[in-house]
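Data block for protein-v1.txt (compact mmCIF, C-alpha atoms and all ligand atoms):
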```
# COMPACT_ATOMS: atom_id res chain seq x y z
CA MET A 1 102.12 84.84 122.88
CA THR A 2 99.15 85.11 120.51
CA ALA A 3 96.52 87.48 121.81
CA ALA A 4 92.85 86.82 121.15
CA THR A 5 91.60 88.86 118.22
CA ILE A 6 88.01 88.62 119.38
CA GLU A 7 86.94 88.72 123.04
CA LEU A 8 83.44 88.68 124.52
CA GLU A 9 82.92 89.31 128.20
CA ALA A 10 79.73 89.03 130.27
CA LEU A 11 77.66 89.85 127.19
CA ARG A 12 73.90 90.26 127.23
CA TYR A 13 71.94 91.33 124.18
CA ALA A 14 68.18 91.72 123.74
CA TRP A 15 66.49 92.83 120.56
CA PRO A 16 64.19 95.82 121.19
CA GLY A 17 60.78 94.61 122.32
CA SER A 18 62.11 91.23 123.42
CA ALA A 19 61.34 90.30 127.05
CA GLU A 20 64.32 87.93 127.26
CA ASP A 21 67.95 88.21 126.27
CA THR A 22 68.55 86.86 122.79
CA LEU A 23 72.17 86.18 123.71
CA ALA A 24 73.88 85.71 127.08
CA ILE A 25 77.54 84.76 126.77
CA ASP A 26 79.87 84.93 129.74
CA ALA A 27 83.11 84.56 127.84
CA LEU A 28 84.41 83.76 124.39
CA ALA A 29 87.91 84.33 123.04
CA ILE A 30 89.01 83.62 119.49
CA ASP A 31 92.72 83.53 118.72
CA ALA A 32 94.35 85.54 115.96
CA GLY A 33 94.30 83.60 112.71
CA ALA A 34 91.81 80.97 113.90
CA SER A 35 88.94 79.77 111.74
CA VAL A 36 85.68 79.19 113.62
CA PHE A 37 82.60 77.34 112.39
CA LEU A 38 79.60 78.80 114.24
CA HIS A 39 76.48 76.67 114.17
CA GLY A 40 73.20 76.20 115.99
CA PRO A 41 69.48 75.92 115.30
CA SER A 42 67.60 78.52 113.30
CA GLY A 43 66.72 81.47 115.52
CA SER A 44 69.38 80.65 118.14
CA GLY A 45 71.21 83.93 117.61
CA LYS A 46 74.02 83.24 115.14
CA SER A 47 73.41 86.31 112.98
CA THR A 48 72.83 88.39 116.10
CA LEU A 49 76.21 87.28 117.42
CA LEU A 50 77.90 88.19 114.13
CA GLY A 51 76.26 91.63 114.32
CA LEU A 52 77.72 92.07 117.80
CA LEU A 53 81.18 90.91 116.69
CA ALA A 54 81.11 93.41 113.84
CA GLY A 55 79.94 96.27 116.07
CA VAL A 56 76.74 96.67 114.05
CA LEU A 57 74.87 95.84 117.29
CA LEU A 58 76.04 96.83 120.75
CA PRO A 59 75.48 94.69 123.87
CA ARG A 60 73.02 95.77 126.55
CA VAL A 61 75.62 94.67 129.11
CA GLY A 62 79.21 93.50 128.76
CA GLU A 63 81.81 93.98 126.09
CA VAL A 64 82.89 92.85 122.67
CA ARG A 65 86.53 93.63 121.90
CA LEU A 66 88.23 93.30 118.53
CA LEU A 67 92.01 93.67 118.45
CA GLY A 68 91.74 94.91 122.04
CA GLN A 69 89.26 97.66 121.13
CA SER A 70 85.83 97.67 122.76
CA TRP A 71 83.07 98.56 120.29
CA SER A 72 81.07 100.26 123.06
CA ALA A 73 83.92 102.72 123.74
CA LEU A 74 83.73 104.14 120.20
CA SER A 75 81.35 106.74 118.77
CA GLY A 76 79.18 105.68 115.81
CA ALA A 77 81.54 107.29 113.29
CA ARG A 78 84.63 105.72 114.89
CA ARG A 79 82.90 102.34 114.88
CA ASP A 80 82.23 102.66 111.16
CA ALA A 81 85.86 103.58 110.48
CA PHE A 82 87.22 100.80 112.71
CA ARG A 83 84.94 98.25 111.01
CA ALA A 84 85.95 99.42 107.54
CA ASP A 85 89.64 99.00 108.42
CA HIS A 86 89.52 95.68 110.24
CA VAL A 87 86.41 93.67 109.35
CA GLY A 88 85.35 92.02 106.10
CA TYR A 89 81.70 90.95 106.34
CA VAL A 90 79.75 88.68 103.99
CA PHE A 91 76.14 89.36 104.92
CA GLN A 92 73.39 86.77 104.55
CA GLN A 93 71.70 89.14 102.06
CA PHE A 94 75.05 90.18 100.48
CA ASN A 95 74.31 93.95 100.80
CA LEU A 96 75.78 94.81 97.41
CA LEU A 97 74.95 98.19 95.90
CA PRO A 98 72.69 97.13 93.01
CA TYR A 99 73.51 100.01 90.64
CA LEU A 100 77.29 99.75 91.08
CA SER A 101 79.31 97.41 88.91
CA THR A 102 80.64 94.12 90.24
CA LEU A 103 84.16 95.55 90.31
CA ASP A 104 83.11 98.77 92.07
CA ASN A 105 81.24 96.76 94.69
CA VAL A 106 84.48 94.97 95.55
CA LEU A 107 86.45 98.23 95.50
CA LEU A 108 83.95 99.83 97.87
CA ALA A 109 85.74 98.20 100.81
CA CYS A 110 88.92 100.03 99.80
CA ARG A 111 87.10 103.33 99.32
CA PHE A 112 86.08 103.28 102.97
CA SER A 113 89.50 102.20 104.24
CA ALA A 114 92.84 103.65 103.15
CA GLN A 115 94.51 100.87 105.11
CA ARG A 116 92.82 98.13 103.10
CA ALA A 117 93.36 100.00 99.82
CA HIS A 118 97.06 100.19 100.64
CA ARG A 119 97.32 96.49 101.49
CA ALA A 120 95.41 95.46 98.35
CA ALA A 121 97.70 97.62 96.21
CA GLN A 122 100.82 96.21 97.88
CA LEU A 123 99.70 92.68 97.14
CA ALA A 124 98.45 93.07 93.56
CA GLY A 125 100.08 96.25 92.24
CA SER A 126 96.91 98.37 92.48
CA THR A 127 93.56 98.15 94.27
CA SER A 128 91.78 97.50 90.95
CA ALA A 129 94.19 94.67 90.18
CA GLY A 130 93.50 93.27 93.66
CA ALA A 131 89.75 93.35 93.05
CA GLU A 132 90.14 91.73 89.63
CA GLN A 133 92.35 89.02 91.07
CA LEU A 134 89.78 88.15 93.74
CA LEU A 135 86.90 88.17 91.26
CA GLY A 136 88.88 85.77 89.12
CA GLN A 137 89.58 83.56 92.13
CA VAL A 138 85.89 83.36 93.09
CA GLY A 139 85.18 82.33 89.48
CA LEU A 140 83.31 85.39 88.25
CA PRO A 141 83.79 85.67 84.45
CA ARG A 142 85.44 88.91 83.32
CA ALA A 143 82.34 89.75 81.22
CA LEU A 144 80.41 90.29 84.46
CA TRP A 145 82.89 92.65 86.14
CA SER A 146 81.38 95.81 84.61
CA ARG A 147 77.74 94.70 85.02
CA PRO A 148 75.57 96.29 87.73
CA ALA A 149 75.38 93.92 90.68
CA ALA A 150 71.57 93.81 90.33
CA GLN A 151 72.01 91.85 87.08
CA LEU A 152 73.94 89.01 88.71
CA SER A 153 72.49 85.73 89.90
CA VAL A 154 72.23 85.12 93.64
CA GLY A 155 75.25 82.79 93.62
CA GLN A 156 77.29 85.33 91.65
CA GLN A 157 76.34 88.09 94.10
CA GLN A 158 77.40 85.87 96.98
CA ARG A 159 80.86 85.50 95.42
CA VAL A 160 81.17 89.27 94.81
CA ALA A 161 80.31 89.82 98.48
CA ALA A 162 83.10 87.42 99.46
CA ALA A 163 85.63 89.22 97.26
CA ARG A 164 84.59 92.51 98.87
CA ALA A 165 85.08 91.03 102.35
CA LEU A 166 88.54 89.69 101.52
CA ILE A 167 90.08 92.62 99.64
CA GLY A 168 92.79 94.41 101.60
CA SER A 169 93.26 91.45 103.98
CA PRO A 170 91.19 92.61 106.99
CA GLU A 171 92.23 91.07 110.34
CA ILE A 172 88.74 89.68 110.86
CA VAL A 173 86.46 88.08 108.28
CA ILE A 174 82.85 87.35 109.20
CA ALA A 175 80.65 85.33 106.90
CA ASP A 176 76.96 84.59 107.40
CA GLU A 177 75.84 81.56 105.36
CA PRO A 178 78.05 82.55 102.41
CA THR A 179 77.64 79.27 100.53
CA SER A 180 73.85 78.93 100.71
CA ALA A 181 73.34 79.73 97.00
CA LEU A 182 76.29 77.78 95.60
CA ASP A 183 76.27 74.32 94.06
CA ALA A 184 78.73 71.67 95.27
CA ASP A 185 81.54 72.54 92.83
CA LEU A 186 81.33 76.27 93.42
CA ARG A 187 81.00 75.72 97.16
CA ASP A 188 84.24 73.72 97.38
CA GLY A 189 86.14 76.28 95.33
CA PHE A 190 84.66 79.08 97.40
CA MET A 191 85.71 77.41 100.67
CA ASP A 192 89.23 76.85 99.35
CA LEU A 193 89.49 80.52 98.49
CA LEU A 194 87.98 81.83 101.72
CA LEU A 195 90.04 79.62 104.02
CA GLY A 196 93.17 80.00 101.87
CA GLU A 197 92.97 83.80 101.74
CA CYS A 198 92.35 84.04 105.49
CA ARG A 199 95.30 81.73 106.17
CA ARG A 200 97.56 83.68 103.82
CA ALA A 201 96.62 87.00 105.42
CA GLY A 202 96.53 85.63 109.00
CA SER A 203 92.88 86.75 109.24
CA THR A 204 90.57 85.39 111.90
CA LEU A 205 87.49 83.85 110.29
CA VAL A 206 84.07 83.44 111.91
CA PHE A 207 81.77 81.53 109.58
CA VAL A 208 78.10 80.67 110.10
CA SER A 209 76.56 77.78 108.24
CA HIS A 210 73.92 75.10 108.52
CA ASP A 211 76.05 72.92 106.27
CA GLU A 212 77.75 70.53 108.70
CA ARG A 213 79.85 69.05 105.89
CA LEU A 214 81.97 72.20 106.00
CA ALA A 215 82.76 72.04 109.72
CA ALA A 216 85.77 69.71 109.42
CA ARG A 217 87.67 72.35 107.46
CA PHE A 218 87.76 74.75 110.43
CA ASP A 219 90.11 74.95 113.44
CA ARG A 220 87.25 75.20 115.88
CA ARG A 221 83.50 74.61 116.17
CA VAL A 222 81.35 76.80 118.37
CA SER A 223 77.63 76.28 118.86
CA THR A 224 75.19 78.87 120.13
CA ALA A 225 73.86 76.19 122.52
CA GLN A 226 77.35 75.73 123.96
CA LEU A 227 77.69 79.49 124.49
CA HIS A 228 74.39 79.62 126.37
CA GLY A 229 75.57 76.54 128.30
CA VAL A 230 78.48 78.59 129.65
CA ARG A 231 75.98 81.00 131.17
CA LYS A 232 73.97 78.23 132.82
CA GLU A 233 77.06 76.56 134.29
CA ALA A 234 78.34 79.87 135.60
CA GLY A 235 75.02 80.61 137.25
CA ALA A 236 74.64 77.12 138.71
N1 LIG A 301 65.94 92.74 113.56
C1 LIG A 301 65.41 92.00 114.55
N2 LIG A 301 64.50 92.52 115.38
C2 LIG A 301 63.96 91.81 116.40
N3 LIG A 301 64.29 90.51 116.65
C3 LIG A 301 65.20 89.94 115.85
C4 LIG A 301 65.81 90.64 114.76
N4 LIG A 301 66.69 89.80 114.15
C5 LIG A 301 66.62 88.63 114.81
N5 LIG A 301 65.73 88.71 115.84
C6 LIG A 301 65.41 87.62 116.77
O1 LIG A 301 66.59 87.19 117.42
C7 LIG A 301 66.61 85.78 117.52
C8 LIG A 301 67.87 85.22 116.89
O2 LIG A 301 67.82 85.50 115.50
P1 LIG A 301 69.09 85.28 114.56
O3 LIG A 301 68.74 85.78 113.21
O4 LIG A 301 70.28 85.84 115.23
O5 LIG A 301 69.19 83.68 114.57
P2 LIG A 301 70.03 82.70 113.63
O6 LIG A 301 70.58 81.65 114.53
O7 LIG A 301 71.01 83.47 112.82
O8 LIG A 301 68.89 82.11 112.69
P3 LIG A 301 68.97 81.50 111.19
O9 LIG A 301 69.82 80.26 111.28
O10 LIG A 301 67.55 81.18 110.89
O11 LIG A 301 69.56 82.55 110.28
C9 LIG A 301 65.31 85.26 116.88
O12 LIG A 301 64.38 85.00 117.91
C10 LIG A 301 64.86 86.42 116.03
O13 LIG A 301 63.46 86.48 115.97
```

Could you write out this structure as structure tokens?
Amino acid sequence: MTAATIELEALRYAWPGSAEDTLAIDALAIDAGASVFLHGPSGSGKSTLLGLLAGVLLPRVGEVRLLGQSWSALSGARRDAFRADHVGYVFQQFNLLPYLSTLDNVLLACRFSAQRAHRAAQLAGSTSAGAEQLLGQVGLPRALWSRPAAQLSVGQQQRVAAARALIGSPEIVIADEPTSALDADLRDGFMDLLLGECRRAGSTLVFVSHDERLAARFDRRVSTAQLHGVRKEAGA
């Protein structure tokens, strides 16, 4: 039996100062290894949901469990360690360290997680070789690998952020609009790599995008409207 990698139960989340819940989701389960295309109108709570999945935000009520572990049951430090081991996250704003080189930004994920460092080294021979391999796969020319991330274009930074999320094969990969700055050719190559790497590693992928053309490539589509619909039906 395949257990769900991600489980949400009776979740309510309100941003501070908000009179209403931003998200109210009675139940959501995502199977191990599944790829999910999360969509919905601007402001409907997609990024908020990703923050909750990654344990960056905690629900007001209810639970988010990853690999059977509830984020709310962990201290802040344990949450950080658990996230570093199990979650690769491509943020909407990339969150690269501007003064670190491209290569070091990718390796950062392994610096915070011995588990991911070990897996990257097993796969490629060393963690550095793993980072170089991924940078090659996302199409970043070698000449840019030693450049500070601040000197890269937005599309290049987006690809570095993806390599950082994928290194060490985390069980869960979360990506918030990771193709927004890529042209059609780069976007297709990027999607091949992201989906291919997740499939190879058996990682569960949750991917937010406004680009409906990409949806067909995923196992499952989930809309924020549909999640809120669950709440209304349950309360009816
Ligand atoms: N840091 C924050 N503080 C307070 N409110 C926030 C914050 N971030 C988001 N919100 C609010 O939460 C709601 C959902 O925002 P969110 O960014 O999750 O939507 P989204 O679906 O990802 O939007 P988009 O497609 O435009 O990125 C919005 O009403 C937004 O104003």

Nearest residue to ligand LIG 301 (chain A) from the set A:Ala32, A:Val61, A:Ala175, A:Ala150 (distances using only C-alpha atoms and all ligand atoms):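 Counting only C-alpha atoms and all ligand atoms, the residue closest to ligand LIG 301 (chain A) is A:Ala175.
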
Against segment 146-149 of chain A, which residues of segment 46-125 of chain A fall within 10 Å? For each one I want the closest pair of atoms and the distance in Å (one decimal), counting all atoms listed in the file, rows by chain and increasing residue number, as a tab-separated table.
```
residue	atom	partner	partner_atom	distance
A:Leu96	CA	A:Ala149	CA	6.8
A:Leu97	CA	A:Ala149	CA	6.8
A:Pro98	CA	A:Ala149	CA	4.8
A:Tyr99	CA	A:Pro148	CA	5.2
A:Leu100	CA	A:Pro148	CA	5.1
A:Ser101	CA	A:Pro148	CA	4.1
A:Thr102	CA	A:Ala149	CA	5.3
A:Leu103	CA	A:Ser146	CA	6.3
A:Asp104	CA	A:Ser146	CA	8.2
A:Asn105	CA	A:Ala149	CA	7.6
```

Straight-line distance linking atom CA of Ala143 of chain A with atom CA of Val87 of chain A, stated in Å to one decimal: 28.7 Å

Expected selection as a VMD selection string for ligand LIG 301 (chain A) within 12 Å, only C-alpha atoms and all ligand atoms: chain A and resid 13 to 24 38 to 52 56 to 57 91 to 93 175 to 178 180 207 to 211 223 to 225

Using all atoms listed in the file: which of A:Arg111, A:Arg116, A:Arg65, A:Arg164 has the shortest distance to His86 of chain A: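 Distance minimum relative to His86 of chain A lands on A:Arg116.
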
Using all atoms listed in the file: which of A:Pro141, A:Glu63, A:Gly168, A:Gly155 has the shortest distance to Leu107 of chain A: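 Closest residue, counting all atoms listed in the file: A:Gly168.
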
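Proximity to Ala109 of chain A was assessed for A:Ala163, A:Gln122, A:Gly136, A:Ser153 counting only C-alpha atoms; the smallest distance is recorded for A:Ala163.
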
Distance of atom CA of Glu197 of chain A from atom CA of Ala129 of chain A, expressed in Å to one decimal place: 15.9 Å

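Distance annotation: of A:Phe94, A:Gln151, A:Glu132, A:Ala121, the residue with the minimal separation from Thr179 of chain A is A:Phe94; atom set is all atoms listed in the file.
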
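For the residues A:Ser113, A:Ser72, A:Ser169, A:Thr5, ranking by smallest atom-to-atom distance to Gly196 of chain A using only C-alpha atoms places A:Ser169 first.
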
Could you put an axis-aligned box around every listed atom of segment 16-23 of chain A, padded by 6 Å on each side, and send me its centre and edge lengths in Å to one decimal, as AutoDock Vina command-line options?
```
--center_x 66.5 --center_y 91.0 --center_z 124.2 --size_x 23.4 --size_y 21.6 --size_z 18.1
```

Distance query Cys198 of chain A at most 10 Å, all atoms listed in the file, self and fewer than 4 positions along chain excluded, as a list in words: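 Counting all atoms listed in the file, the residues come to Gly33, Ala34, Ser35, Leu166, Ser169, Pro170, Glu171, Ile172, Val173, Asp192, Leu193, Leu194, Gly202, Ser203, Thr204 and Leu205 of chain A.
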
Distance of atom CA of Glu212 of chain A from atom CA of Leu66 of chain A, expressed in Å to one decimal place: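 Distance between the two atoms: 26.9 Å.
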
Within 12 Å of Gln69 of chain A using all atoms listed in the file, minus same-chain residues under 3 positions, as a ChimeraX atom specification: /A:4-8,53-55,63-66,72-74,78-79,82-83,86

Shell around Leu182 of chain A at 9 Å using only C-alpha atoms, local window under 6 positions removed, as a list of chain:residue names: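 In the requested form, the answer reads A:Val154, A:Gly155, A:Gln156, A:Gln158, A:Arg159, A:Phe190.
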